[in-house]
file my_file16.cif (mmCIF, C-alpha atoms and all ligand atoms)
data_data
#
loop_
_atom_site.group_PDB
_atom_site.id
_atom_site.type_symbol
_atom_site.label_atom_id
_atom_site.label_comp_id
_atom_site.auth_asym_id
_atom_site.auth_seq_id
_atom_site.Cartn_x
_atom_site.Cartn_y
_atom_site.Cartn_z
ATOM 1 C CA VAL R 1 34.988 -16.691 -32.090
ATOM 2 C CA HIS R 2 31.508 -18.214 -32.440
ATOM 3 C CA ILE R 3 29.280 -15.741 -30.601
ATOM 4 C CA ALA R 4 25.609 -16.031 -29.613
ATOM 5 C CA ILE R 5 23.802 -12.803 -28.881
ATOM 6 C CA ILE R 6 20.657 -13.157 -26.800
ATOM 7 C CA GLY R 7 18.452 -10.153 -27.576
ATOM 8 C CA LYS R 8 18.584 -8.343 -30.899
ATOM 9 C CA GLY R 9 17.609 -4.947 -29.536
ATOM 10 C CA LYS R 10 19.727 -1.810 -29.667
ATOM 11 C CA VAL R 11 22.716 -3.350 -27.872
ATOM 12 C CA GLY R 12 22.540 -6.831 -29.408
ATOM 13 C CA SER R 13 22.309 -5.528 -32.975
ATOM 14 C CA ALA R 14 25.070 -2.939 -32.542
ATOM 15 C CA LEU R 15 27.506 -5.389 -30.929
ATOM 16 C CA GLY R 16 26.606 -8.113 -33.419
ATOM 17 C CA ALA R 17 27.172 -5.908 -36.456
ATOM 18 C CA ARG R 18 30.523 -4.683 -35.181
ATOM 19 C CA LEU R 19 31.773 -8.120 -34.103
ATOM 20 C CA ALA R 20 30.662 -9.730 -37.370
ATOM 21 C CA SER R 21 32.549 -7.093 -39.319
ATOM 22 C CA ALA R 22 35.616 -7.906 -37.190
ATOM 23 C CA GLY R 23 35.374 -11.506 -38.489
ATOM 24 C CA HIS R 24 33.436 -13.284 -35.721
ATOM 25 C CA GLU R 25 30.588 -15.719 -36.396
ATOM 26 C CA VAL R 26 27.476 -14.187 -34.833
ATOM 27 C CA ALA R 27 24.135 -15.929 -34.205
ATOM 28 C CA TYR R 28 21.183 -14.089 -32.679
ATOM 29 C CA GLY R 29 18.908 -15.871 -30.221
ATOM 30 C CA SER R 30 15.359 -14.600 -29.878
ATOM 31 C CA ARG R 31 12.274 -15.626 -27.902
ATOM 32 C CA THR R 32 10.362 -15.415 -31.174
ATOM 33 C CA PRO R 33 12.821 -16.242 -33.977
ATOM 34 C CA GLU R 34 9.960 -16.559 -36.453
ATOM 35 C CA ASP R 35 9.374 -12.804 -36.102
ATOM 36 C CA HIS R 36 13.013 -11.827 -36.529
ATOM 37 C CA THR R 37 14.799 -12.607 -39.797
ATOM 38 C CA GLY R 38 18.291 -13.911 -39.101
ATOM 39 C CA SER R 39 17.465 -15.082 -35.571
ATOM 40 C CA VAL R 40 17.245 -18.624 -34.197
ATOM 41 C CA SER R 41 15.947 -19.894 -30.861
ATOM 42 C CA GLN R 42 17.965 -18.855 -27.831
ATOM 43 C CA THR R 43 19.024 -22.450 -27.143
ATOM 44 C CA ASP R 44 20.101 -23.063 -30.758
ATOM 45 C CA ALA R 45 22.171 -19.872 -30.727
ATOM 46 C CA VAL R 46 23.965 -20.802 -27.491
ATOM 47 C CA GLN R 47 24.521 -24.409 -28.533
ATOM 48 C CA GLY R 48 26.751 -23.338 -31.430
ATOM 49 C CA ALA R 49 28.689 -20.675 -29.516
ATOM 50 C CA GLU R 50 31.773 -20.409 -27.330
ATOM 51 C CA LEU R 51 30.752 -17.000 -26.030
ATOM 52 C CA VAL R 52 27.238 -15.758 -25.247
ATOM 53 C CA ILE R 53 26.401 -12.069 -25.020
ATOM 54 C CA ILE R 54 23.370 -11.340 -22.839
ATOM 55 C CA ALA R 55 21.684 -8.189 -24.175
ATOM 56 C CA ILE R 56 18.195 -8.322 -22.661
ATOM 57 C CA PRO R 57 16.627 -6.483 -19.684
ATOM 58 C CA GLY R 58 18.592 -7.367 -16.540
ATOM 59 C CA THR R 59 15.514 -8.535 -14.650
ATOM 60 C CA ALA R 60 14.843 -11.129 -17.396
ATOM 61 C CA VAL R 61 18.365 -12.585 -17.495
ATOM 62 C CA LEU R 62 18.083 -15.332 -14.858
ATOM 63 C CA SER R 63 14.753 -16.679 -16.131
ATOM 64 C CA THR R 64 15.977 -16.549 -19.737
ATOM 65 C CA LEU R 65 19.129 -18.504 -18.856
ATOM 66 C CA GLU R 66 17.005 -21.037 -16.911
ATOM 67 C CA GLY R 67 15.092 -21.573 -20.138
ATOM 68 C CA ILE R 68 18.289 -22.148 -22.122
ATOM 69 C CA GLY R 69 19.437 -24.609 -19.481
ATOM 70 C CA GLU R 70 22.400 -25.286 -17.236
ATOM 71 C CA ASP R 71 23.907 -27.980 -19.446
ATOM 72 C CA VAL R 72 23.779 -25.835 -22.575
ATOM 73 C CA LEU R 73 25.464 -22.976 -20.713
ATOM 74 C CA ALA R 74 28.199 -25.124 -19.155
ATOM 75 C CA ASP R 75 31.757 -23.963 -20.000
ATOM 76 C CA ARG R 76 30.467 -21.109 -22.106
ATOM 77 C CA ILE R 77 31.732 -17.595 -21.595
ATOM 78 C CA VAL R 78 28.733 -15.449 -20.690
ATOM 79 C CA LEU R 79 29.273 -11.748 -21.314
ATOM 80 C CA ASP R 80 26.569 -9.901 -19.406
ATOM 81 C CA VAL R 81 26.078 -6.289 -20.521
ATOM 82 C CA SER R 82 22.692 -5.883 -18.853
ATOM 83 C CA ALA R 83 21.307 -3.345 -16.432
ATOM 84 C CA ALA R 84 18.476 -4.333 -14.081
ATOM 85 C CA PHE R 85 15.853 -1.786 -13.120
ATOM 86 C CA THR R 86 12.491 -1.735 -11.438
ATOM 87 C CA PRO R 87 9.680 -0.108 -13.484
ATOM 88 C CA ASP R 88 10.438 3.245 -11.766
ATOM 89 C CA LEU R 89 14.118 2.956 -12.781
ATOM 90 C CA ALA R 90 15.504 2.069 -9.355
ATOM 91 C CA LEU R 91 18.159 -0.658 -9.081
ATOM 92 C CA ALA R 92 16.403 -4.027 -9.178
ATOM 93 C CA TYR R 93 19.135 -5.752 -7.131
ATOM 94 C CA PRO R 94 20.502 -3.272 -4.578
ATOM 95 C CA ASN R 95 23.871 -4.371 -3.131
ATOM 96 C CA ASP R 96 23.967 -7.239 -5.622
ATOM 97 C CA SER R 97 24.276 -7.724 -9.369
ATOM 98 C CA VAL R 98 22.819 -9.673 -12.263
ATOM 99 C CA ALA R 99 26.288 -11.041 -13.045
ATOM 100 C CA ARG R 100 26.912 -12.353 -9.520
ATOM 101 C CA ARG R 101 23.498 -13.985 -9.464
ATOM 102 C CA VAL R 102 24.092 -15.650 -12.824
ATOM 103 C CA GLN R 103 27.537 -16.921 -11.792
ATOM 104 C CA ALA R 104 26.107 -18.288 -8.515
ATOM 105 C CA ARG R 105 23.192 -19.999 -10.277
ATOM 106 C CA PHE R 106 25.263 -21.347 -13.212
ATOM 107 C CA PRO R 107 28.668 -22.219 -11.694
ATOM 108 C CA ARG R 108 29.828 -24.048 -14.840
ATOM 109 C CA ALA R 109 29.390 -20.936 -16.992
ATOM 110 C CA ARG R 110 32.179 -18.357 -16.989
ATOM 111 C CA VAL R 111 30.470 -15.029 -16.411
ATOM 112 C CA VAL R 112 32.051 -11.706 -17.318
ATOM 113 C CA LYS R 113 30.394 -8.338 -16.754
ATOM 114 C CA SER R 114 31.390 -5.488 -19.045
ATOM 115 C CA LEU R 115 30.110 -2.638 -21.237
ATOM 116 C CA ASN R 116 27.197 -1.949 -18.869
ATOM 117 C CA THR R 117 28.310 1.544 -17.789
ATOM 118 C CA MET R 118 27.798 3.407 -21.067
ATOM 119 C CA ASN R 119 25.345 4.001 -23.888
ATOM 120 C CA VAL R 120 25.385 1.577 -26.816
ATOM 121 C CA SER R 121 26.800 4.244 -29.150
ATOM 122 C CA ILE R 122 29.941 4.375 -26.973
ATOM 123 C CA MET R 123 30.207 0.567 -26.597
ATOM 124 C CA VAL R 124 30.926 0.149 -30.298
ATOM 125 C CA ASP R 125 32.828 3.383 -30.942
ATOM 126 C CA PRO R 126 34.523 4.356 -27.675
ATOM 127 C CA LEU R 127 37.018 6.931 -28.787
ATOM 128 C CA ALA R 128 35.192 8.454 -31.779
ATOM 129 C CA SER R 129 34.188 11.561 -29.854
ATOM 130 C CA LEU R 130 35.771 11.007 -26.435
ATOM 131 C CA SER R 131 39.409 11.742 -25.614
ATOM 132 C CA GLN R 132 39.355 9.224 -22.767
ATOM 133 C CA ALA R 133 37.043 6.377 -21.860
ATOM 134 C CA THR R 134 37.092 3.438 -19.454
ATOM 135 C CA VAL R 135 35.393 0.070 -19.811
ATOM 136 C CA PHE R 136 35.251 -2.133 -16.713
ATOM 137 C CA VAL R 137 35.606 -5.920 -16.697
ATOM 138 C CA SER R 138 34.520 -8.183 -13.801
ATOM 139 C CA GLY R 139 34.621 -11.977 -13.596
ATOM 140 C CA GLU R 140 36.137 -14.986 -11.884
ATOM 141 C CA ASN R 141 37.754 -16.716 -14.849
ATOM 142 C CA GLN R 142 40.921 -15.213 -16.330
ATOM 143 C CA ASP R 143 40.603 -16.982 -19.700
ATOM 144 C CA ALA R 144 37.027 -15.762 -20.046
ATOM 145 C CA LYS R 145 38.090 -12.217 -19.218
ATOM 146 C CA ALA R 146 40.942 -12.449 -21.744
ATOM 147 C CA ALA R 147 38.452 -13.525 -24.426
ATOM 148 C CA VAL R 148 36.146 -10.611 -23.558
ATOM 149 C CA LYS R 149 39.076 -8.176 -23.612
ATOM 150 C CA GLY R 150 39.821 -9.448 -27.128
ATOM 151 C CA LEU R 151 36.270 -8.596 -28.176
ATOM 152 C CA LEU R 152 36.574 -5.185 -26.520
ATOM 153 C CA ALA R 153 39.678 -4.537 -28.628
ATOM 154 C CA ASP R 154 37.674 -5.468 -31.736
ATOM 155 C CA LEU R 155 35.052 -2.896 -30.684
ATOM 156 C CA GLY R 156 37.735 -0.197 -30.523
ATOM 157 C CA TRP R 157 38.774 -0.240 -26.855
ATOM 158 C CA THR R 158 42.504 0.317 -26.289
ATOM 159 C CA THR R 159 44.417 -1.772 -23.732
ATOM 160 C CA GLU R 160 44.765 1.310 -21.495
ATOM 161 C CA SER R 161 41.010 1.918 -21.557
ATOM 162 C CA ILE R 162 40.153 -1.548 -20.191
ATOM 163 C CA LEU R 163 40.067 -1.701 -16.378
ATOM 164 C CA ASP R 164 39.854 -5.199 -14.882
ATOM 165 C CA LEU R 165 38.180 -4.809 -11.491
ATOM 166 C CA GLY R 166 38.709 -8.416 -10.422
ATOM 167 C CA GLY R 167 36.103 -11.003 -9.491
ATOM 168 C CA VAL R 168 32.409 -11.052 -10.303
ATOM 169 C CA ALA R 169 31.602 -9.379 -6.960
ATOM 170 C CA SER R 170 32.932 -6.150 -8.489
ATOM 171 C CA ALA R 171 30.022 -6.196 -10.966
ATOM 172 C CA THR R 172 27.914 -4.882 -8.072
ATOM 173 C CA ALA R 173 29.959 -1.680 -8.251
ATOM 174 C CA THR R 174 29.545 -1.201 -11.990
ATOM 175 C CA GLU R 175 25.839 -2.107 -11.990
ATOM 176 C CA HIS R 176 25.448 0.567 -9.292
ATOM 177 C CA ALA R 177 26.827 3.159 -11.707
ATOM 178 C CA ALA R 178 23.415 3.173 -13.422
ATOM 179 C CA PRO R 179 21.979 6.029 -11.278
ATOM 180 C CA LEU R 180 25.122 8.065 -12.039
ATOM 181 C CA PHE R 181 24.567 7.382 -15.736
ATOM 182 C CA PHE R 182 20.968 8.638 -15.606
ATOM 183 C CA ALA R 183 21.846 11.710 -13.499
ATOM 184 C CA THR R 184 24.613 12.600 -15.960
ATOM 185 C CA TYR R 185 22.266 12.093 -18.889
ATOM 186 C CA THR R 186 19.703 14.393 -17.251
ATOM 187 C CA ALA R 187 22.365 17.059 -16.707
ATOM 188 C CA LEU R 188 23.982 16.819 -20.165
ATOM 189 C CA GLN R 189 20.911 15.828 -22.250
ATOM 190 C CA THR R 190 23.082 13.467 -24.294
ATOM 191 C CA MET R 191 24.087 9.838 -23.874
ATOM 192 C CA ARG R 192 27.379 10.314 -25.709
ATOM 193 C CA PHE R 193 29.594 10.433 -22.623
ATOM 194 C CA ASN R 194 31.460 7.886 -20.561
ATOM 195 C CA ILE R 195 33.236 7.337 -17.282
ATOM 196 C CA ALA R 196 37.016 7.762 -17.581
ATOM 197 C CA ILE R 197 39.216 6.722 -14.673
ATOM 198 C CA THR R 198 42.367 8.854 -14.474
ATOM 199 C CA ARG R 199 45.192 8.768 -11.968
HETATM 200 N N1 LIG O 201 20.685 0.721 -24.765
HETATM 201 C C1 LIG O 201 21.813 1.045 -24.149
HETATM 202 O O1 LIG O 201 22.483 2.028 -24.510
HETATM 203 C C2 LIG O 201 22.314 0.197 -23.013
HETATM 204 C C3 LIG O 201 23.476 0.585 -22.358
HETATM 205 C C4 LIG O 201 23.989 -0.203 -21.326
HETATM 206 C C5 LIG O 201 23.317 -1.365 -20.954
HETATM 207 N N2 LIG O 201 22.165 -1.699 -21.601
HETATM 208 C C6 LIG O 201 21.490 -2.932 -21.190
HETATM 209 O O2 LIG O 201 21.616 -3.876 -22.249
HETATM 210 C C7 LIG O 201 20.440 -4.703 -22.295
HETATM 211 C C8 LIG O 201 19.798 -4.594 -23.683
HETATM 212 O O3 LIG O 201 19.451 -3.248 -23.907
HETATM 213 P P1 LIG O 201 18.759 -2.763 -25.260
HETATM 214 O O4 LIG O 201 18.775 -1.288 -25.191
HETATM 215 O O5 LIG O 201 19.362 -3.465 -26.432
HETATM 216 O O6 LIG O 201 17.276 -3.278 -25.036
HETATM 217 P P2 LIG O 201 16.121 -3.459 -26.110
HETATM 218 O O7 LIG O 201 16.429 -2.645 -27.327
HETATM 219 O O8 LIG O 201 14.894 -3.208 -25.337
HETATM 220 O O9 LIG O 201 16.241 -5.004 -26.542
HETATM 221 C C9 LIG O 201 16.244 -6.005 -25.634
HETATM 222 C C10 LIG O 201 15.966 -7.338 -26.319
HETATM 223 O O10 LIG O 201 15.737 -8.197 -25.213
HETATM 224 C C11 LIG O 201 14.704 -9.108 -25.530
HETATM 225 N N3 LIG O 201 13.732 -9.005 -24.426
HETATM 226 C C12 LIG O 201 12.948 -7.953 -24.098
HETATM 227 N N4 LIG O 201 12.210 -8.237 -23.006
HETATM 228 C C13 LIG O 201 12.552 -9.494 -22.642
HETATM 229 C C14 LIG O 201 12.120 -10.360 -21.600
HETATM 230 N N5 LIG O 201 11.200 -9.990 -20.697
HETATM 231 N N6 LIG O 201 12.674 -11.603 -21.542
HETATM 232 C C15 LIG O 201 13.611 -11.989 -22.433
HETATM 233 N N7 LIG O 201 14.048 -11.211 -23.448
HETATM 234 C C16 LIG O 201 13.521 -9.986 -23.538
HETATM 235 C C17 LIG O 201 14.116 -8.736 -26.862
HETATM 236 O O11 LIG O 201 14.555 -9.711 -27.805
HETATM 237 P P3 LIG O 201 13.584 -10.831 -28.422
HETATM 238 O O12 LIG O 201 12.198 -10.250 -28.408
HETATM 239 O O13 LIG O 201 14.118 -11.083 -29.788
HETATM 240 O O14 LIG O 201 13.720 -12.055 -27.569
HETATM 241 C C18 LIG O 201 14.740 -7.399 -27.195
HETATM 242 O O15 LIG O 201 15.097 -7.277 -28.547
HETATM 243 C C19 LIG O 201 19.537 -4.207 -21.154
HETATM 244 O O16 LIG O 201 19.809 -4.944 -19.990
HETATM 245 C C20 LIG O 201 19.999 -2.769 -20.965
HETATM 246 O O17 LIG O 201 19.727 -2.284 -19.659
HETATM 247 C C21 LIG O 201 21.655 -0.949 -22.609
#
call {"tool": "encode", "arguments": {"input": "my_file16.cif", "output": "structure tokens", "more": "lines below"}}
Ligand SMILES: NC(=O)c1ccc[n+]([C@@H]2O[C@H](COP(=O)([O-])OP(=O)(O)OC[C@H]3O[C@@H](n4cnc5c(N)ncnc54)[C@H](OP(=O)(O)O)[C@@H]3O)[C@@H](O)[C@H]2O)c1
result
Amino acid sequence: VHIAIIGKGKVGSALGARLASAGHEVAYGSRTPEDHTGSVSQTDAVQGAELVIIAIPGTAVLSTLEGIGEDVLADRIVLDVSAAFTPDLALAYPNDSVARRVQARFPRARVVKSLNTMNVSIMVDPLASLSQATVFVSGENQDAKAAVKGLLADLGWTTESILDLGGVASATATEHAAPLFFATYTALQTMRFNIAITR
């Protein structure tokens, strides 16, 4: 798959390295490509891609996608892994989500929310130190979710560990797991943990 990654921070670089080693073509889009070797402009990265991974602060996602443009985003699968916080680490969009807002604003894009409920070290190596782990998937388009589930498998997620929560409205639930993540981190003093749904 031709993948554009917007944001080459901790998440973008880790996902990009792992997906490239699984055989995908990865292009990084940056606001300042001249400062980042191996990056191109955000629009150039998206133009050549079937799937776009959004790995920037959640509160910057809508304005960044506006800059890339509705026509460039049309028909692309947009995998949103972001979390959106206020400066004091409260939820920026209570009772709503970045993913739902993006899908509503860009109806021709196929938005999928996933990987946002864990630390980056777990995203790319889910079962290295954990006996069980769950990754949630939310989105309206089944083909887009199937493509994302394929990438999750390449990152090491087993079929049983992937929990499809349904439409993009369910991203509100997973984005609201952020306070639980921080409380757990405070209690455990490590980010190497994850939610596991058992039944
Ligand atoms: N770190 C984690 O373990 C983790 C876990 C779950 C979810 N997340 C979420 O994943 C996203 C990326 O996290 P990260 O840890 O990789 O962040 P990061 O290391 O801070 O990198 C974010 C990247 O976003 C771009 N960026 C920063 N501010 C921006 C702005 N105002 N507008 C547009 N682009 C901006 C920058 O790329 P350029 O300067 O090249 O444009 C930067 O390299 C965030 O939404 C975060 O909440 C992170």
call {"tool": "residues_near_ligand", "arguments": {"input": "my_file16.cif", "ligand": "ligand LIG 201 (chain O)", "cutoff": "6 Å", "atoms": "only C-alpha atoms and all ligand atoms", "output": "ChimeraX atom specification"}}
result
/R:7-12,30-32,55-58,60,64,81-83,116-120
call {"tool": "write_last_selection", "arguments": {"input": "my_file16.cif", "atoms": "C-alpha atoms", "output": "CSV table (one decimal), in the frame of the given file"}}
result
chain,number,residue,atom,x,y,z
R,7,GLY,CA,18.5,-10.2,-27.6
R,8,LYS,CA,18.6,-8.3,-30.9
R,9,GLY,CA,17.6,-4.9,-29.5
R,10,LYS,CA,19.7,-1.8,-29.7
R,11,VAL,CA,22.7,-3.4,-27.9
R,12,GLY,CA,22.5,-6.8,-29.4
R,30,SER,CA,15.4,-14.6,-29.9
R,31,ARG,CA,12.3,-15.6,-27.9
R,32,THR,CA,10.4,-15.4,-31.2
R,55,ALA,CA,21.7,-8.2,-24.2
R,56,ILE,CA,18.2,-8.3,-22.7
R,57,PRO,CA,16.6,-6.5,-19.7
R,58,GLY,CA,18.6,-7.4,-16.5
R,60,ALA,CA,14.8,-11.1,-17.4
R,64,THR,CA,16.0,-16.5,-19.7
R,81,VAL,CA,26.1,-6.3,-20.5
R,82,SER,CA,22.7,-5.9,-18.9
R,83,ALA,CA,21.3,-3.3,-16.4
R,116,ASN,CA,27.2,-1.9,-18.9
R,117,THR,CA,28.3,1.5,-17.8
R,118,MET,CA,27.8,3.4,-21.1
R,119,ASN,CA,25.3,4.0,-23.9
R,120,VAL,CA,25.4,1.6,-26.8
call {"tool": "axis_aligned_box", "arguments": {"input": "my_file16.cif", "around": "stretch 61-77 of chain R", "padding_each_side": "6 Å", "output": "lines of an AutoDock Vina configuration file"}}
result
center_x = 23.3
center_y = -20.3
center_z = -18.7
size_x = 29.0
size_y = 27.4
size_z = 19.7
call {"tool": "atom_distance", "arguments": {"input": "my_file16.cif", "atom1": "atom CA of R:His2", "atom2": "atom CA of R:Thr172"}}
result
28.0 Å
call {"tool": "residues_around", "arguments": {"input": "my_file16.cif", "residues": "stretch 153-158 of chain R", "least_positions_apart": "4", "cutoff": "12 Å", "atoms": "all atoms listed in the file", "output": "short mmCIF file (atom, residue, chain, number, x, y, z; two decimals) with C-alpha atoms, in the frame of the given file"}}
result
data_model
loop_
_atom_site.label_atom_id
_atom_site.label_comp_id
_atom_site.auth_asym_id
_atom_site.auth_seq_id
_atom_site.Cartn_x
_atom_site.Cartn_y
_atom_site.Cartn_z
CA VAL R 1 34.99 -16.69 -32.09
CA ALA R 14 25.07 -2.94 -32.54
CA LEU R 15 27.51 -5.39 -30.93
CA GLY R 16 26.61 -8.11 -33.42
CA ALA R 17 27.17 -5.91 -36.46
CA ARG R 18 30.52 -4.68 -35.18
CA LEU R 19 31.77 -8.12 -34.10
CA ALA R 20 30.66 -9.73 -37.37
CA SER R 21 32.55 -7.09 -39.32
CA ALA R 22 35.62 -7.91 -37.19
CA GLY R 23 35.37 -11.51 -38.49
CA HIS R 24 33.44 -13.28 -35.72
CA SER R 114 31.39 -5.49 -19.05
CA LEU R 115 30.11 -2.64 -21.24
CA VAL R 120 25.38 1.58 -26.82
CA SER R 121 26.80 4.24 -29.15
CA ILE R 122 29.94 4.38 -26.97
CA MET R 123 30.21 0.57 -26.60
CA VAL R 124 30.93 0.15 -30.30
CA ASP R 125 32.83 3.38 -30.94
CA PRO R 126 34.52 4.36 -27.68
CA LEU R 127 37.02 6.93 -28.79
CA ALA R 128 35.19 8.45 -31.78
CA LEU R 130 35.77 11.01 -26.44
CA SER R 131 39.41 11.74 -25.61
CA GLN R 132 39.35 9.22 -22.77
CA ALA R 133 37.04 6.38 -21.86
CA THR R 134 37.09 3.44 -19.45
CA VAL R 135 35.39 0.07 -19.81
CA PHE R 136 35.25 -2.13 -16.71
CA ALA R 146 40.94 -12.45 -21.74
CA ALA R 147 38.45 -13.52 -24.43
CA VAL R 148 36.15 -10.61 -23.56
CA LYS R 149 39.08 -8.18 -23.61
CA ILE R 162 40.15 -1.55 -20.19
CA LEU R 163 40.07 -1.70 -16.38
#
call {"tool": "atom_distance", "arguments": {"input": "my_file16.cif", "atom1": "atom CA of R:Ile195", "atom2": "atom CA of R:Glu160"}}
result
13.7 Å
call {"tool": "residues_around", "arguments": {"input": "my_file16.cif", "residues": "R:Thr86", "least_positions_apart": "6", "cutoff": "9 Å", "atoms": "only C-alpha atoms", "output": "tab-separated table (two decimals) with C-alpha atoms, in the frame of the given file"}}
result
chain	number	residue	atom	x	y	z
R	59	THR	CA	15.51	-8.54	-14.65
R	92	ALA	CA	16.40	-4.03	-9.18
R	93	TYR	CA	19.14	-5.75	-7.13
call {"tool": "resolve_selection", "arguments": {"input": "my_file16.cif", "expression": "the PyMOL selection byres (((chain R and resi 139) around 8) and not hetatm)", "output": "mmCIF file with C-alpha atoms, in the coordinates of the input"}}
result
data_model
loop_
_atom_site.group_PDB
_atom_site.id
_atom_site.type_symbol
_atom_site.label_atom_id
_atom_site.label_comp_id
_atom_site.auth_asym_id
_atom_site.auth_seq_id
_atom_site.Cartn_x
_atom_site.Cartn_y
_atom_site.Cartn_z
ATOM 1 C CA ARG R 110 32.179 -18.357 -16.989
ATOM 2 C CA VAL R 111 30.470 -15.029 -16.411
ATOM 3 C CA VAL R 112 32.051 -11.706 -17.318
ATOM 4 C CA LYS R 113 30.394 -8.338 -16.754
ATOM 5 C CA VAL R 137 35.606 -5.920 -16.697
ATOM 6 C CA SER R 138 34.520 -8.183 -13.801
ATOM 7 C CA GLU R 140 36.137 -14.986 -11.884
ATOM 8 C CA ASN R 141 37.754 -16.716 -14.849
ATOM 9 C CA GLN R 142 40.921 -15.213 -16.330
ATOM 10 C CA ALA R 144 37.027 -15.762 -20.046
ATOM 11 C CA LYS R 145 38.090 -12.217 -19.218
ATOM 12 C CA GLY R 166 38.709 -8.416 -10.422
ATOM 13 C CA GLY R 167 36.103 -11.003 -9.491
ATOM 14 C CA VAL R 168 32.409 -11.052 -10.303
ATOM 15 C CA ALA R 169 31.602 -9.379 -6.960
ATOM 16 C CA SER R 170 32.932 -6.150 -8.489
ATOM 17 C CA ALA R 171 30.022 -6.196 -10.966
#
call {"tool": "atom_distance", "arguments": {"input": "my_file16.cif", "atom1": "atom CA of R:Val52", "atom2": "atom CA of R:Ile3"}}
result
5.7 Å
call {"tool": "resolve_selection", "arguments": {"input": "my_file16.cif", "expression": "the PyMOL selection byres (((chain R and resi 65) around 10) and not hetatm)", "output": "JSON, numbers by chain"}}
result
{"R": [6, 42, 43, 54, 60, 61, 62, 63, 64, 66, 67, 68, 69, 70, 72, 73, 102, 105, 106]}
call {"tool": "write_last_selection", "arguments": {"input": "my_file16.cif", "atoms": "C-alpha atoms", "output": "PDB file, keeping the file's coordinate frame"}}
result
ATOM      1  CA  ILE R   6      20.657 -13.157 -26.800  1.00  0.00           C
ATOM      2  CA  GLN R  42      17.965 -18.855 -27.831  1.00  0.00           C
ATOM      3  CA  THR R  43      19.024 -22.450 -27.143  1.00  0.00           C
ATOM      4  CA  ILE R  54      23.370 -11.340 -22.839  1.00  0.00           C
ATOM      5  CA  ALA R  60      14.843 -11.129 -17.396  1.00  0.00           C
ATOM      6  CA  VAL R  61      18.365 -12.585 -17.495  1.00  0.00           C
ATOM      7  CA  LEU R  62      18.083 -15.332 -14.858  1.00  0.00           C
ATOM      8  CA  SER R  63      14.753 -16.679 -16.131  1.00  0.00           C
ATOM      9  CA  THR R  64      15.977 -16.549 -19.737  1.00  0.00           C
ATOM     10  CA  GLU R  66      17.005 -21.037 -16.911  1.00  0.00           C
ATOM     11  CA  GLY R  67      15.092 -21.573 -20.138  1.00  0.00           C
ATOM     12  CA  ILE R  68      18.289 -22.148 -22.122  1.00  0.00           C
ATOM     13  CA  GLY R  69      19.437 -24.609 -19.481  1.00  0.00           C
ATOM     14  CA  GLU R  70      22.400 -25.286 -17.236  1.00  0.00           C
ATOM     15  CA  VAL R  72      23.779 -25.835 -22.575  1.00  0.00           C
ATOM     16  CA  LEU R  73      25.464 -22.976 -20.713  1.00  0.00           C
ATOM     17  CA  VAL R 102      24.092 -15.650 -12.824  1.00  0.00           C
ATOM     18  CA  ARG R 105      23.192 -19.999 -10.277  1.00  0.00           C
ATOM     19  CA  PHE R 106      25.263 -21.347 -13.212  1.00  0.00           C
TER      20      PHE R 106
END
call {"tool": "resolve_selection", "arguments": {"input": "my_file16.cif", "expression": "the PyMOL selection byres (((chain R and resi 40) around 10) and not hetatm)", "output": "MDAnalysis selection string"}}
result
chainID R and resid 4 6 27:39 41:46
call {"tool": "closest_residue", "arguments": {"input": "my_file16.cif", "among": "R:Leu91, R:Val78, R:Ala84, R:Ile5", "to": "R:Pro179", "atoms": "only C-alpha atoms"}}
result
R:Leu91
call {"tool": "closest_residue", "arguments": {"input": "my_file16.cif", "among": "R:Ala183, R:Leu89, R:Ala74, R:Ala104", "to": "R:Gln47", "atoms": "all atoms listed in the file"}}
result
R:Ala74
